[in-house]
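Participant: My structure file protein-v4.cif, mmCIF, C-alpha atoms, is below:
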```
data_final
#
loop_
_atom_site.label_atom_id
_atom_site.label_comp_id
_atom_site.auth_asym_id
_atom_site.auth_seq_id
_atom_site.Cartn_x
_atom_site.Cartn_y
_atom_site.Cartn_z
CA MET F 1 60.00 125.70 177.73
CA SER F 2 62.81 127.25 175.76
CA ALA F 3 61.25 130.68 176.18
CA GLU F 4 61.95 130.49 179.93
CA ILE F 5 65.65 129.90 179.42
CA ILE F 6 67.61 133.10 179.90
CA THR F 7 69.96 133.60 177.01
CA GLN F 8 73.34 135.26 177.01
CA LEU F 9 73.62 138.66 178.67
CA PRO F 10 75.12 141.44 176.57
CA PRO F 11 78.76 142.25 177.35
CA THR F 12 79.43 145.46 179.25
CA GLU F 13 82.48 147.59 179.88
CA ALA F 14 82.80 146.19 183.40
CA ASP F 15 83.14 142.68 181.89
CA GLU F 16 85.99 143.76 179.71
CA ALA F 17 87.79 145.24 182.71
CA HIS F 18 87.13 142.05 184.67
CA VAL F 19 88.55 139.78 181.96
CA LYS F 20 91.53 142.09 181.66
CA ARG F 21 92.12 141.79 185.41
CA ILE F 22 92.02 137.98 185.18
CA TRP F 23 94.65 137.92 182.44
CA LYS F 24 96.75 140.44 184.32
CA ALA F 25 96.71 138.15 187.37
CA PHE F 26 97.73 135.27 185.10
CA TRP F 27 100.74 137.19 183.80
CA VAL F 28 101.72 138.26 187.29
CA LEU F 29 101.58 134.63 188.46
CA LEU F 30 103.56 133.49 185.44
CA ILE F 31 106.27 136.10 185.93
CA LEU F 32 106.51 135.38 189.68
CA THR F 33 106.87 131.67 188.89
CA ILE F 34 109.59 132.35 186.34
CA ILE F 35 111.48 134.49 188.88
CA GLU F 36 111.14 131.66 191.41
CA LEU F 37 112.51 129.17 188.91
CA ALA F 38 115.40 131.47 188.07
CA LEU F 39 116.22 131.77 191.78
CA GLY F 40 115.89 127.99 192.17
CA LEU F 41 118.38 127.48 189.34
CA THR F 42 120.66 130.08 190.93
CA ILE F 43 120.73 127.96 194.10
CA TYR F 44 121.51 124.90 191.96
CA TYR F 45 124.54 126.62 190.42
CA ILE F 46 125.68 128.17 193.71
CA GLU F 47 125.64 124.76 195.39
CA MET F 48 127.84 123.27 192.65
CA ASN F 49 130.70 125.22 194.16
CA PRO F 50 131.93 123.07 197.11
CA ASP F 51 132.43 126.03 199.45
CA TYR F 52 129.34 128.11 198.79
CA SER F 53 127.86 130.59 201.25
CA ASP F 54 125.04 129.07 203.33
CA LEU F 55 123.76 132.54 204.17
CA LEU F 56 123.37 133.49 200.51
CA VAL F 57 121.36 130.33 199.79
CA LEU F 58 119.22 131.00 202.87
CA ILE F 59 118.48 134.56 201.68
CA ILE F 60 117.51 133.34 198.19
CA LYS F 61 115.23 130.72 199.73
CA GLY F 62 113.63 133.43 201.87
CA VAL F 63 112.97 135.54 198.77
CA ILE F 64 111.36 132.50 197.08
CA CYS F 65 109.08 132.04 200.12
CA ILE F 66 107.97 135.68 199.96
CA LEU F 67 107.25 135.37 196.21
CA THR F 68 105.17 132.25 196.96
CA ILE F 69 103.08 134.16 199.50
CA ALA F 70 102.55 136.88 196.87
CA LYS F 71 101.35 134.22 194.42
CA ALA F 72 98.98 132.78 197.02
CA PHE F 73 97.59 136.28 197.62
CA TYR F 74 96.92 136.77 193.90
CA ILE F 75 95.19 133.40 193.54
CA ILE F 76 92.96 133.97 196.57
CA SER F 77 92.06 137.60 195.96
CA ILE F 78 91.58 137.58 192.18
CA PHE F 79 90.96 134.01 190.98
CA MET F 80 88.88 133.07 194.01
CA HIS F 81 87.34 136.58 194.11
CA LEU F 82 87.82 136.87 197.86
CA GLY F 83 88.98 140.44 197.33
CA ASP F 84 85.48 141.27 196.03
CA GLU F 85 83.61 139.72 198.98
CA VAL F 86 82.36 141.62 202.01
CA ARG F 87 84.78 142.43 204.82
CA GLN F 88 83.10 140.06 207.27
CA LEU F 89 83.76 137.06 205.04
CA ILE F 90 87.37 138.07 204.41
CA LEU F 91 88.02 138.39 208.16
CA THR F 92 86.18 135.14 208.97
CA LEU F 93 88.66 133.34 206.73
CA ALA F 94 91.76 135.45 207.39
CA ILE F 95 91.67 135.38 211.20
CA PRO F 96 91.71 131.56 211.57
CA ALA F 97 94.43 131.48 208.89
CA THR F 98 96.73 133.47 211.19
CA LEU F 99 96.99 130.25 213.24
CA PHE F 100 99.47 129.20 210.57
CA ILE F 101 101.96 131.72 211.98
CA TRP F 102 102.05 129.81 215.26
CA PHE F 103 101.76 126.45 213.49
CA ILE F 104 104.82 126.99 211.29
CA THR F 105 106.95 128.72 213.93
CA ALA F 106 106.28 126.14 216.64
CA PHE F 107 106.87 123.05 214.55
CA ILE F 108 109.93 124.33 212.71
CA ALA F 109 111.41 125.33 216.08
CA ASP F 110 110.56 121.85 217.35
CA GLY F 111 112.43 120.27 214.43
CA ALA F 112 115.43 122.56 214.96
CA SER F 113 115.47 121.70 218.67
CA PHE F 114 115.42 118.00 217.80
CA ARG F 115 118.43 118.46 215.53
CA ASN F 116 120.22 120.28 218.34
CA LEU F 117 119.55 117.38 220.72
CA ARG F 118 120.66 114.91 218.06
CA ASN F 119 123.96 116.69 217.47
CA THR F 120 124.75 117.26 221.16
CA ASP F 121 123.59 113.85 222.42
CA ALA F 122 120.78 115.55 224.30
CA GLY F 123 123.00 118.33 225.59
CA SER F 124 125.77 116.11 226.96
CA ARG F 125 128.47 117.23 224.52
CA LYS F 126 129.47 120.10 222.28
CA TYR F 127 127.40 120.65 219.16
CA VAL F 128 128.99 118.67 216.36
CA GLN F 129 127.29 118.56 213.00
CA PRO F 130 128.37 115.52 210.99
CA LYS F 131 130.42 116.49 207.95
CA GLU F 132 127.92 117.21 205.26
CA PHE F 133 128.18 115.72 201.83
CA HIS F 134 126.51 117.21 198.82
CA ASN F 135 125.37 115.35 195.79
CA VAL F 136 127.86 115.77 192.99
CA PRO F 137 126.61 116.13 189.39
CA LEU F 138 125.68 112.69 188.17
CA GLU F 139 127.29 112.89 184.74
CA ALA F 140 130.72 114.18 185.67
CA PRO F 141 131.97 113.10 189.10
CA ALA F 142 133.43 116.29 190.57
CA GLU F 143 137.17 116.05 190.12
CA LYS F 144 137.88 118.91 192.48
CA LYS F 145 136.31 117.12 195.42
CA GLU F 146 138.14 113.88 194.65
CA LYS F 147 141.48 115.59 194.64
CA LYS F 148 140.67 117.28 197.91
CA LEU F 149 140.00 113.97 199.61
CA ASP F 150 143.09 112.26 198.18
CA MET V 1 57.95 148.68 220.34
CA GLN V 2 56.93 148.33 216.76
CA THR V 3 59.59 150.75 215.57
CA ALA V 4 62.29 149.05 217.61
CA ILE V 5 61.64 145.75 215.84
CA ALA V 6 61.65 147.43 212.48
CA LYS V 7 65.00 148.95 213.33
CA THR V 8 66.66 145.71 214.43
CA LYS V 9 65.33 143.95 211.35
CA THR V 10 67.47 146.15 209.13
CA LYS V 11 70.64 145.25 211.03
CA MET V 12 73.18 142.91 209.45
CA TRP V 13 72.61 139.94 211.79
CA ALA V 14 68.87 140.35 212.36
CA GLY V 15 67.97 137.72 209.80
CA GLY V 16 66.40 137.87 206.41
CA ARG V 17 69.65 138.59 204.67
CA SER V 18 73.09 137.03 204.38
CA PRO V 19 75.69 138.83 206.50
CA PHE V 20 78.39 137.43 204.23
CA ASN V 21 76.53 138.38 201.07
CA VAL V 22 77.17 134.91 199.61
CA SER V 23 74.93 131.88 199.27
CA TYR V 24 75.01 129.03 201.79
CA GLY V 25 76.78 126.72 199.34
CA LYS V 26 79.57 129.14 198.58
CA LEU V 27 80.12 129.96 202.25
CA MET V 28 80.35 126.27 203.12
CA MET V 29 82.78 125.73 200.24
CA TRP V 30 84.96 128.45 201.76
CA PHE V 31 84.80 126.79 205.18
CA PHE V 32 85.64 123.41 203.65
CA LEU V 33 88.63 124.92 201.87
CA MET V 34 89.75 126.57 205.10
CA SER V 35 89.73 123.19 206.88
CA ASP V 36 91.40 121.51 203.92
CA SER V 37 94.15 124.12 203.98
CA PHE V 38 94.86 123.10 207.58
CA THR V 39 95.07 119.46 206.50
CA PHE V 40 97.61 120.31 203.82
CA GLY V 41 99.29 122.72 206.22
CA ALA V 42 99.67 119.97 208.81
CA PHE V 43 101.25 117.66 206.22
CA LEU V 44 103.66 120.27 204.91
CA ILE V 45 104.60 121.59 208.34
CA SER V 46 105.26 118.10 209.67
CA TYR V 47 107.48 117.57 206.62
CA GLY V 48 109.29 120.80 207.45
CA SER V 49 109.65 119.77 211.06
CA ILE V 50 111.26 116.44 210.14
CA ARG V 51 113.48 118.12 207.57
CA PHE V 52 114.72 120.60 210.15
CA SER V 53 115.49 117.80 212.60
CA LEU V 54 117.82 115.96 210.21
CA ASN V 55 121.38 116.80 209.25
CA HIS V 56 120.95 115.54 205.73
CA TRP V 57 118.03 115.78 203.36
CA VAL V 58 117.84 114.92 199.67
CA ASP V 59 118.99 117.41 197.04
CA HIS V 60 115.83 118.03 195.00
CA ASN V 61 117.84 119.31 192.03
CA TYR V 62 119.21 115.78 191.53
CA VAL V 63 116.10 113.81 192.51
CA PHE V 64 113.70 115.62 190.16
CA ASN V 65 115.72 116.18 187.02
CA GLU V 66 114.08 113.92 184.46
CA PHE V 67 112.31 115.24 181.40
CA PRO V 68 110.38 113.19 178.81
CA PHE V 69 112.10 112.37 175.52
CA THR V 70 115.52 113.40 176.71
CA GLU V 71 118.37 111.78 178.58
CA ALA V 72 119.66 115.11 179.83
CA HIS V 73 119.35 115.96 183.51
CA LEU V 74 117.36 119.16 183.74
CA PRO V 75 116.66 120.37 187.26
CA LEU V 76 113.29 122.11 187.77
CA ALA V 77 112.30 121.77 184.10
CA PHE V 78 109.54 119.18 184.36
CA VAL V 79 108.00 120.55 187.53
CA SER V 80 107.85 124.04 186.03
CA LEU V 81 105.92 122.56 183.12
CA MET V 82 103.46 121.06 185.65
CA THR V 83 103.19 124.41 187.43
CA PHE V 84 102.45 126.27 184.19
CA ILE V 85 99.79 123.71 183.26
CA LEU V 86 98.06 124.19 186.61
CA ILE V 87 98.23 128.00 186.53
CA PHE V 88 96.83 127.98 183.01
CA SER V 89 93.97 125.66 183.96
CA SER V 90 93.21 128.02 186.85
CA VAL V 91 92.84 130.90 184.38
CA THR V 92 90.53 128.89 182.11
CA MET V 93 88.44 128.04 185.19
CA VAL V 94 88.08 131.67 186.23
CA LEU V 95 87.10 132.52 182.64
CA ALA V 96 84.47 129.75 182.80
CA VAL V 97 83.09 131.32 185.99
CA HIS V 98 83.02 134.70 184.26
CA ALA V 99 81.22 133.23 181.23
CA GLY V 100 78.73 131.74 183.70
CA HIS V 101 77.98 135.19 185.09
CA LYS V 102 77.20 136.26 181.54
CA MET V 103 74.95 133.19 181.03
CA ASN V 104 77.08 132.32 178.02
CA GLN V 105 76.64 128.54 177.82
CA LYS V 106 78.96 127.97 174.84
CA ALA V 107 81.83 129.87 176.50
CA VAL V 108 81.32 128.02 179.80
CA GLU V 109 81.57 124.71 177.93
CA LYS V 110 84.72 125.78 176.10
CA TRP V 111 86.59 127.02 179.19
CA LEU V 112 85.47 124.10 181.36
CA LEU V 113 86.70 121.66 178.74
CA LEU V 114 90.09 123.38 178.65
CA THR V 115 90.23 123.26 182.47
CA ILE V 116 89.51 119.53 182.46
CA LEU V 117 92.19 118.95 179.83
CA GLY V 118 94.64 120.96 181.94
CA GLY V 119 93.82 118.84 184.99
CA LEU V 120 94.29 115.62 183.03
CA ALA V 121 97.60 116.88 181.61
CA PHE V 122 98.77 117.64 185.14
CA LEU V 123 97.78 114.17 186.35
CA GLY V 124 99.60 112.64 183.38
CA CYS V 125 102.75 114.59 184.27
CA GLN V 126 102.49 113.43 187.86
CA ALA V 127 102.10 109.81 186.77
CA TYR V 128 105.22 110.19 184.61
CA GLU V 129 107.16 111.72 187.47
CA TRP V 130 106.14 109.04 189.97
CA THR V 131 106.95 106.25 187.50
CA GLY V 132 110.38 107.73 186.89
CA LEU V 133 111.08 107.95 190.62
CA ILE V 134 109.79 104.51 191.58
CA THR V 135 111.33 102.57 188.68
CA GLY V 136 114.58 104.57 188.58
CA GLN V 137 117.77 102.65 189.28
CA HIS V 138 120.28 104.54 191.39
CA GLU V 139 123.49 103.17 192.82
CA VAL V 140 123.51 103.06 196.61
CA LEU V 141 126.16 101.74 198.93
CA VAL V 142 124.41 99.42 201.38
CA ASN V 143 126.59 97.57 203.92
CA GLY V 144 129.63 97.82 201.65
CA VAL V 145 127.79 96.49 198.59
CA ILE V 146 126.49 98.62 195.72
CA GLU V 147 122.78 98.07 195.13
CA LYS V 148 120.35 99.71 192.70
CA TRP V 149 117.38 101.44 194.29
CA GLY V 150 114.41 103.43 193.14
CA THR V 151 112.82 106.16 195.24
CA THR V 152 109.89 104.67 197.17
CA VAL V 153 108.26 105.08 200.56
CA SER V 154 110.74 102.56 201.98
CA HIS V 155 113.88 103.29 199.92
CA ASN V 156 115.75 106.53 199.49
CA PRO V 157 118.89 106.31 197.34
CA TRP V 158 119.69 110.03 197.78
CA GLY V 159 121.72 110.00 200.98
CA PRO V 160 125.13 111.56 201.60
CA MET V 161 127.88 110.76 199.10
CA VAL V 162 130.86 108.68 200.27
CA MET V 163 134.07 107.49 198.61
CA HIS V 164 133.94 103.86 197.52
CA ASN V 165 136.69 102.22 195.42
CA GLY V 166 137.89 105.58 194.16
CA HIS V 167 134.59 107.15 193.17
CA PHE V 168 131.65 108.80 194.85
CA VAL V 169 128.55 106.78 195.60
CA ALA V 170 125.39 107.65 197.51
CA THR V 171 124.38 106.02 200.77
CA PRO V 172 120.75 105.46 201.85
CA GLY V 173 119.07 108.74 202.73
CA PRO V 174 116.29 109.44 205.24
CA VAL V 175 113.34 107.14 204.58
CA ALA V 176 110.94 109.96 205.53
CA PHE V 177 111.52 111.61 202.14
CA GLY V 178 109.57 109.03 200.12
CA GLY V 179 106.69 108.96 202.56
CA TYR V 180 106.33 112.73 202.62
CA PHE V 181 106.84 113.22 198.91
CA PHE V 182 104.45 110.51 197.72
CA GLY V 183 102.02 111.21 200.55
CA ILE V 184 101.71 114.94 199.98
CA THR V 185 101.91 115.01 196.17
CA GLY V 186 99.59 112.00 196.15
CA PHE V 187 97.07 113.78 198.37
CA HIS V 188 97.32 116.81 196.12
CA GLY V 189 96.99 114.63 193.01
CA PHE V 190 93.88 113.10 194.56
CA HIS V 191 92.47 116.61 194.93
CA VAL V 192 93.26 117.32 191.27
CA PHE V 193 91.57 114.07 190.30
CA THR V 194 88.48 114.98 192.35
CA GLY V 195 88.50 118.43 190.74
CA VAL V 196 88.57 116.88 187.27
CA ILE V 197 85.59 114.68 188.19
CA VAL V 198 83.65 117.66 189.61
CA ASN V 199 84.45 119.75 186.54
CA THR V 200 83.37 116.92 184.25
CA ILE V 201 80.03 116.74 186.05
CA MET V 202 79.72 120.53 185.70
CA LEU V 203 80.47 120.25 181.97
CA ILE V 204 77.80 117.57 181.51
CA LYS V 205 75.27 119.64 183.48
CA THR V 206 76.13 122.73 181.43
CA LYS V 207 75.75 120.80 178.18
CA ARG V 208 72.35 119.53 179.33
CA GLY V 209 71.34 123.12 179.96
CA ASP V 210 70.63 122.54 183.68
CA PHE V 211 72.20 125.83 184.74
CA ALA V 212 70.56 127.79 181.94
CA LYS V 213 67.19 126.47 183.17
CA ARG V 214 68.09 127.28 186.77
CA GLY V 215 68.92 130.84 185.75
CA HIS V 216 72.41 130.98 187.27
CA TYR V 217 75.76 129.23 187.05
CA GLU V 218 76.65 129.33 190.73
CA MET V 219 77.67 125.65 190.75
CA ILE V 220 80.49 126.58 188.36
CA GLU V 221 81.64 129.18 190.88
CA LYS V 222 81.78 126.59 193.68
CA ALA V 223 83.65 124.11 191.49
CA GLY V 224 85.91 127.00 190.53
CA LEU V 225 86.69 127.82 194.17
CA TYR V 226 87.75 124.21 194.71
CA TRP V 227 89.84 124.17 191.55
CA HIS V 228 91.69 127.37 192.50
CA PHE V 229 92.35 125.92 195.91
CA VAL V 230 94.03 122.94 194.25
CA ASP V 231 96.24 125.40 192.36
CA LEU V 232 96.92 127.30 195.59
CA VAL V 233 98.06 124.14 197.36
CA TRP V 234 100.31 123.26 194.44
CA VAL V 235 102.06 126.63 194.83
CA PHE V 236 103.09 125.54 198.33
CA VAL V 237 103.89 121.93 197.42
CA PHE V 238 106.06 123.29 194.60
CA LEU V 239 107.81 125.57 197.10
CA CYS V 240 108.43 122.94 199.75
CA PHE V 241 109.54 120.02 197.58
CA TYR V 242 111.12 121.51 194.48
CA LEU V 243 112.39 124.99 195.29
CA ILE V 244 113.76 125.08 198.82
#
```
How does the structure come out when it is put into structure tokens?

Facilitator:
Amino acid sequence: MSAEIITQLPPTEADEAHVKRIWKAFWVLLILTIIELALGLTIYYIEMNPDYSDLLVLIIKGVICILTIAKAFYIISIFMHLGDEVRQLILTLAIPATLFIWFITAFIADGASFRNLRNTDAGSRKYVQPKEFHNVPLEAPAEKKEKKLD
Amino acid sequence: MQTAIAKTKTKMWAGGRSPFNVSYGKLMMWFFLMSDSFTFGAFLISYGSIRFSLNHWVDHNYVFNEFPFTEAHLPLAFVSLMTFILIFSSVTMVLAVHAGHKMNQKAVEKWLLLTILGGLAFLGCQAYEWTGLITGQHEVLVNGVIEKWGTTVSHNPWGPMVMHNGHFVATPGPVAFGGYFFGITGFHGFHVFTGVIVNTIMLIKTKRGDFAKRGHYEMIEKAGLYWHFVDLVWVFVFLCFYLI
């Protein structure tokens, strides 16, 4: 019985390159994640300032989204080996996935429209966004803000 | 006539060969993952839709700032640990698949075991995080009285801050937060749990020598596809709940 069992295949140069590629993908993912975390912390420190720029935060969040898509691409093409499959299979999976473009756009727009209706009483008054409050650091209640309100 | 048939037989879709150049099982795993990505997509997009429709949402940097063995509030620290664990377990899985291609049973066992440990570590982290959120005691101003709430599917103590007796206190936030957070991370955690079970079965089958007898380790590849998908989903859950 044991004679039938195929034993380990000898390593080849292609294997070495393949393992190298896997580790390279790992480092790329790790570095992208660290950049994302750094940007996330940047937002945290920007928002500590009571009058921060909304546009700046929005841009940073956009960059984080793009980095996430890059990470997803690496996971799918290298870890899941989709990059090595035939074109037909890649397209069979990629074309339905483009539905997500509509899916995200439509439903985010829907949410934004709902907020617009909420803040204009369904279009009957001018758009008024309730004064927004931000969480202050838990340990030290922000003195600046308190003075402002007094 | 005879030649015509012979010609069509060699075409991609004429039968006798796989147009996708993968086995039935792997192709179906891909289709399952495609449908599963739409399930997760629907959850996350509905979360985004609700979040866009509200004027106030929770500030994730204050909700998720606990870290084991320390009282300090560290935003992003614990969740980055969870992310690194999952990325690392994805690498060990892909190395297990590679070892399977080389029919190297010992290496498959080693990498699969590390993957399972990574999955269990992730689940442990998630259990810690959930416990911290649910049992946490946060001051909330409810109808003029200060109460202590944890974060659950029915209570959200992370609403807008208001002045009360000379200091800032939170008011109840949108209830949807708890439902979406526990629902989506719970659904993802369930996937991780399933992946750990599948990988454990694969480890047992490898140890028994089932795949060596069969002559190929394709089952490891299928389990690997599922495991990477779990990692892929986490990338987006991480983005939607902790980063933006």

Participant: Would you compute the distance between atom CA of V:Ser49 and atom CA of V:Thr151? Give it in Å to one decimal.

Facilitator: 21.1 Å

Participant: Compare F:Leu89, F:Leu32, F:Val128, F:Arg118 by their minimum atom-to-atom distance to F:Tyr74, counting all atoms listed in the file, and give me the closest one.

Facilitator: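 Ranked by minimum distance to F:Tyr74, first place goes to F:Leu32.
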
Participant: Should the cut-off be 7 Å, what would the residue list for chain V against chain F look like, counting only C-alpha atoms, as a PDB file with C-alpha atoms, in the coordinates of the input?

Facilitator:
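And here is the file that came out, out_4.pdb:
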```
ATOM      1  CA  PHE V  20      78.390 137.430 204.230  1.00  0.00           C
ATOM      2  CA  ASN V  21      76.530 138.380 201.070  1.00  0.00           C
ATOM      3  CA  ILE V  45     104.600 121.590 208.340  1.00  0.00           C
ATOM      4  CA  GLY V  48     109.290 120.800 207.450  1.00  0.00           C
ATOM      5  CA  SER V  49     109.650 119.770 211.060  1.00  0.00           C
ATOM      6  CA  ILE V  50     111.260 116.440 210.140  1.00  0.00           C
ATOM      7  CA  PHE V  52     114.720 120.600 210.150  1.00  0.00           C
ATOM      8  CA  SER V  53     115.490 117.800 212.600  1.00  0.00           C
ATOM      9  CA  LEU V  54     117.820 115.960 210.210  1.00  0.00           C
ATOM     10  CA  ASP V  59     118.990 117.410 197.040  1.00  0.00           C
ATOM     11  CA  ASN V  61     117.840 119.310 192.030  1.00  0.00           C
ATOM     12  CA  VAL V  91      92.840 130.900 184.380  1.00  0.00           C
ATOM     13  CA  VAL V  94      88.080 131.670 186.230  1.00  0.00           C
ATOM     14  CA  LYS V 102      77.200 136.260 181.540  1.00  0.00           C
ATOM     15  CA  MET V 103      74.950 133.190 181.030  1.00  0.00           C
ATOM     16  CA  ASN V 104      77.080 132.320 178.020  1.00  0.00           C
ATOM     17  CA  PRO V 160     125.130 111.560 201.600  1.00  0.00           C
ATOM     18  CA  MET V 161     127.880 110.760 199.100  1.00  0.00           C
ATOM     19  CA  ALA V 212      70.560 127.790 181.940  1.00  0.00           C
ATOM     20  CA  LYS V 213      67.190 126.470 183.170  1.00  0.00           C
ATOM     21  CA  GLY V 215      68.920 130.840 185.750  1.00  0.00           C
ATOM     22  CA  LEU V 225      86.690 127.820 194.170  1.00  0.00           C
ATOM     23  CA  HIS V 228      91.690 127.370 192.500  1.00  0.00           C
ATOM     24  CA  LEU V 232      96.920 127.300 195.590  1.00  0.00           C
ATOM     25  CA  VAL V 235     102.060 126.630 194.830  1.00  0.00           C
ATOM     26  CA  LEU V 243     112.390 124.990 195.290  1.00  0.00           C
ATOM     27  CA  ILE V 244     113.760 125.080 198.820  1.00  0.00           C
TER      28      ILE V 244
END
```

Participant: Near V:Ile85, within 7 Å and counting only C-alpha atoms, which residues show up once chain neighbours fewer than 4 positions away are dropped, as a ChimeraX atom specification?

Facilitator: /V:81,89,118,122

Participant: Mind pulling up the distance from atom CA of V:Trp227 to atom CA of V:Ile197?

Facilitator: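 Separation of atom CA of V:Ile197 and atom CA of V:Trp227: 10.9 Å.
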
Participant: How would you write, as a PyMOL selection string, the residues chosen by the PyMOL selection byres ((chain V and resi 142-146) around 12) on this structure?

Facilitator: chain V and resi 137-141+147-149+155-157+159+162-165+168-173

Participant: Kindly resolve the PyMOL selection byres ((chain V and resi 202) around 12) on the present coordinates and return the residues as a PyMOL selection string.

Facilitator: chain V and resi 93+96-97+100+105+108-109+111-113+115-116+195-201+203-211+217-224
